[in-house]
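The structure appears right after this line, and notes come after that.
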Amino acid sequence: MSDLSRRKLMKAGVATAAGLSGLGAAAAIAQRYGLVPPDHGGIYGLGETLTYASQRLLTRHSLAREFPRSQISARPVQNEIPSLNGEFKRLQAAGFADWRLRVDGMVARPATFSLSQLKSYPSRSQITQLACEEGWSYIAEWTGVPLSHVLDVVGIHPQARYVVYFSIDPDWWESIDMADALHPQTYLAHGMNGSELPVPNGGPLRVRLPRQLGYKSVKYITRLTVTDSLKGFGKGLGSASPEGGYAWYAGI
Amino acid sequence: MGDSACFPRSAASVPATTVASRHSALTRVTHWITAVCFLALLVTGVEIVISHPRFYWGETGNVLTPPLFKLPIPSSRALVPTGYGYVLPDQNGWSRYLHFEAAWLVVLTGLLYTISGLVTGHLRKDLLPGRADLSWRTVSSEIACHLRFERPGEAETWSYNVLQRFAYLFVVFVAFPLIVWTGLAMSPAFVSAVPAAVTAFGGQQSARTIHFFVSIFLVLFLLVHIAMICRAGFKSRMRAMITGRAGVPKEHT
């Protein structure tokens, strides 16, 4: 073996070792600072982790674009409603007077809220775009109580890292990190375009998360759980979406 | 080799040996990573478009608003009125995962190629047309050669002709950045931090439509690229891009 090729080989060895330890260090730092999404496993994990980590470094506090009233879509899309169960129909028949939102998990004061209680909190409005992963979009005015307000009322533990939220449709549940949960534009929305939130748009209560695609804005919310780990929920991938093949983080 | 009327390029310097390096290792590796990523982005991009094969201009667009145009294909979602009586299987989940992963890989590869191309002088020496190449006589005779479908001359085994240089520069510095930018303009989180990324195009749906047209352009570029390689000598050009070695191509007799 000539001197030159030996030197080359040594160089390559050092570079590989440096690269591997660099990757290892990067992974440890990413884990430490919450830059790794729960669906980081498998062949698409690298892309998902790069996306989520970049967004967390770049967009932790940024605000979704808001639009003038003139840009509100004349007809908001009312896409297919999952066949709502008997429980929903019973509550709907009573004008949702008995609709309840349960909040539990890592909170000081677990509580159950009625719609009128949620509506009694200071409400906020935003004119934002709802974009579906399919490619279509519309703009509407959403009214609701910021999720951060409800989390303040129940008092989240300092080690809380995620908020998991559940629809009355048992197959539809999602979760978000605290950056999104405490974001000022993340609402529990109960109104749309100046009226009650219509049932096809998620009424009486849906999550509104304008910095992520529509499927994270779960409709018909009945329960929130604050947690420090997503391992115990479903298959541990963070939400129902990755179980169905879709990304957990949908800010793209 | 006598069938080529195309004259040698000014930048051409044909080495004496028949086995010399045509493409650097970095060019070859980044070329093939880009090729694989492009294929992945294309297949998954088609799958994503199928879920809503309608295009709009401006900020918003959906089945309740008139499209700018729609593709005459069935959709993978029942909600889209396509005129077809059936719905294709939904492949959006893995398609989106793979689309973004391939996008990351191709963007990082593109950055590596561009930065090292600037440092090593590859972009300046091999892609930027020389002063002599930019004369109207050179460009017009090159166009004439292409229009006559002439085989490229020996010089082009070692150096790109002026049209090739323009095409590659356009893909690397215009089409590629534009498709990345329009892609980012569709990210609700990214545009929350950089709103100008989407307002520059007049809205999220405009960005989506431009993204589609740039991808069509890149597919056309790929088809011409492959056709030209077949015309120039598939084996020799493939050998040059895989092993780096360019010999006297056997096909040229």
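How things are named: the first chain in the structure tokens is A, the next is B, and so on; residues count from 1 in each chain; ligands count from 1 in the order shown.
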message: Give me, as a VMD selection string, the residues of chain B touching chain A, with the criterion being at most 8 Å (counting only C-alpha atoms).
response: chain B and resid 48 to 49 51 to 52 60 to 64 79 92 to 94 96 to 98 100 to 102 104 187 to 193 195 205
- request: Enumerate the residues of stretch 123-181 of chain B with a DSSP assignment of helix (DSSP H, G or I), computed from the backbone, and present them as a PyMOL selection string.
  value: chain B and resi 123-127+132-134+136-147+154-157+162-181
Skipping near chain neighbours, those fewer than 4 positions away, what residues fall within 12 Å of B:Met238 using only C-alpha atoms, listed as a CSV table (one decimal) with N, CA and C atoms, in the first residue's frame?
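Final output, result.csv:
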chain,number,residue,atom,x,y,z
B,22,ARG,N,-13.6,12.8,-16.8
B,22,ARG,CA,-14.5,13.7,-17.4
B,22,ARG,C,-15.3,14.5,-16.3
B,23,HIS,N,-15.9,13.8,-15.4
B,23,HIS,CA,-16.6,14.4,-14.3
B,23,HIS,C,-16.0,14.1,-13.0
B,28,ARG,N,-20.4,13.5,-10.0
B,28,ARG,CA,-21.1,12.2,-10.3
B,28,ARG,C,-22.0,11.8,-9.2
B,31,HIS,N,-24.9,14.1,-9.0
B,31,HIS,CA,-25.8,13.9,-10.2
B,31,HIS,C,-26.8,12.7,-9.9
B,32,TRP,N,-26.2,11.6,-9.4
B,32,TRP,CA,-27.1,10.4,-9.2
B,32,TRP,C,-28.0,10.5,-8.0
B,157,THR,N,-17.2,15.4,-25.8
B,157,THR,CA,-16.9,14.4,-24.9
B,157,THR,C,-16.3,15.0,-23.7
B,226,ILE,N,-32.2,13.1,-21.6
B,226,ILE,CA,-32.0,11.6,-21.9
B,226,ILE,C,-31.9,11.4,-23.4
B,228,MET,N,-30.7,13.5,-25.7
B,228,MET,CA,-29.4,14.0,-26.1
B,228,MET,C,-28.3,13.0,-25.8
B,229,ILE,N,-28.5,12.4,-24.6
B,229,ILE,CA,-27.4,11.4,-24.2
B,229,ILE,C,-27.5,10.2,-25.1
B,230,CYS,N,-28.7,9.8,-25.5
B,230,CYS,CA,-28.8,8.6,-26.4
B,230,CYS,C,-28.2,9.0,-27.8
B,232,ALA,N,-25.8,11.3,-28.3
B,232,ALA,CA,-24.4,11.4,-28.2
B,232,ALA,C,-23.7,10.1,-28.0
B,233,GLY,N,-24.4,9.1,-27.6
B,233,GLY,CA,-23.7,7.8,-27.3
B,233,GLY,C,-24.0,7.5,-25.8
B,234,PHE,N,-25.1,6.7,-25.7
B,234,PHE,CA,-25.6,6.4,-24.3
B,234,PHE,C,-24.5,5.7,-23.4
B,242,ILE,N,-20.8,7.7,-14.6
B,242,ILE,CA,-20.7,6.7,-13.5
B,242,ILE,C,-19.2,6.5,-13.0
B,243,THR,N,-18.3,6.3,-14.0
B,243,THR,CA,-16.9,6.0,-13.6
B,243,THR,C,-16.1,7.3,-13.6
B,244,GLY,N,-16.6,8.3,-14.3
B,244,GLY,CA,-15.8,9.5,-14.5
B,244,GLY,C,-14.9,9.5,-15.7
B,245,ARG,N,-14.7,8.3,-16.3
B,245,ARG,CA,-13.8,8.1,-17.4
B,245,ARG,C,-14.6,8.3,-18.7
B,246,ALA,N,-14.0,9.1,-19.6
B,246,ALA,CA,-14.5,9.3,-20.9
B,246,ALA,C,-13.5,8.8,-21.9
B,247,GLY,N,-13.8,7.8,-22.6
B,247,GLY,CA,-12.9,7.4,-23.7
B,247,GLY,C,-13.4,7.8,-25.0
B,249,PRO,N,-15.8,7.2,-27.6
B,249,PRO,CA,-17.0,6.3,-27.6
B,249,PRO,C,-17.0,5.4,-28.8
message: Which residues are near stretch 111-117 of chain B? Cut-off 8 Å, only C-alpha atoms, ignore same chain within fewer than 4 positions. Put them as a PyMOL selection string.
response: chain B and resi 26-27+30+107+121-124
Keeping only C-alpha atoms, write those residues as a PDB file, in the first residue's frame.
ATOM      1  CA  LEU B  26     -18.545  15.087  -6.469  1.00  0.00           C
ATOM      2  CA  THR B  27     -20.337  15.887  -9.731  1.00  0.00           C
ATOM      3  CA  THR B  30     -24.500  14.611  -6.629  1.00  0.00           C
ATOM      4  CA  VAL B 107     -31.767  20.502  -1.490  1.00  0.00           C
ATOM      5  CA  GLY B 121     -14.310  26.662 -10.138  1.00  0.00           C
ATOM      6  CA  HIS B 122     -16.431  23.891 -11.737  1.00  0.00           C
ATOM      7  CA  LEU B 123     -19.337  26.283 -12.303  1.00  0.00           C
ATOM      8  CA  ARG B 124     -17.121  28.949 -13.855  1.00  0.00           C
TER       9      ARG B 124
END
task: Grab the atom CA of B:Pro89 to atom CA of B:Trp57 distance for me, in Å with one decimal place.
output: 27.2 Å
- request: Enumerate, as a VMD selection string, the complete set of residues in stretch 40-203 of chain B that a backbone-based DSSP assignment places in strand (DSSP E or B).
  value: chain B and resid 54 to 55 61 69 to 70
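Note that atom CA of A:Leu224 and atom CA of A:Leu91 are 18.8 Å apart.
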message: Can you pull out the residues contacting A:Tyr33? Cut-off 12 Å, using only C-alpha atoms, and skip same-chain residues under 3 positions away; I want them as a PyMOL selection string.
response: chain A and resi 26-30+36-37+52-53+56-57+161+177+179
- prompt: Which polymer residues have any atom within 12 Å of an atom of A:Lys89, counting only C-alpha atoms, with same-chain residues fewer than 5 positions away left out, as a ChimeraX atom specification?
  reply: /A:83-84,94-96,98-99,168-169,199,220
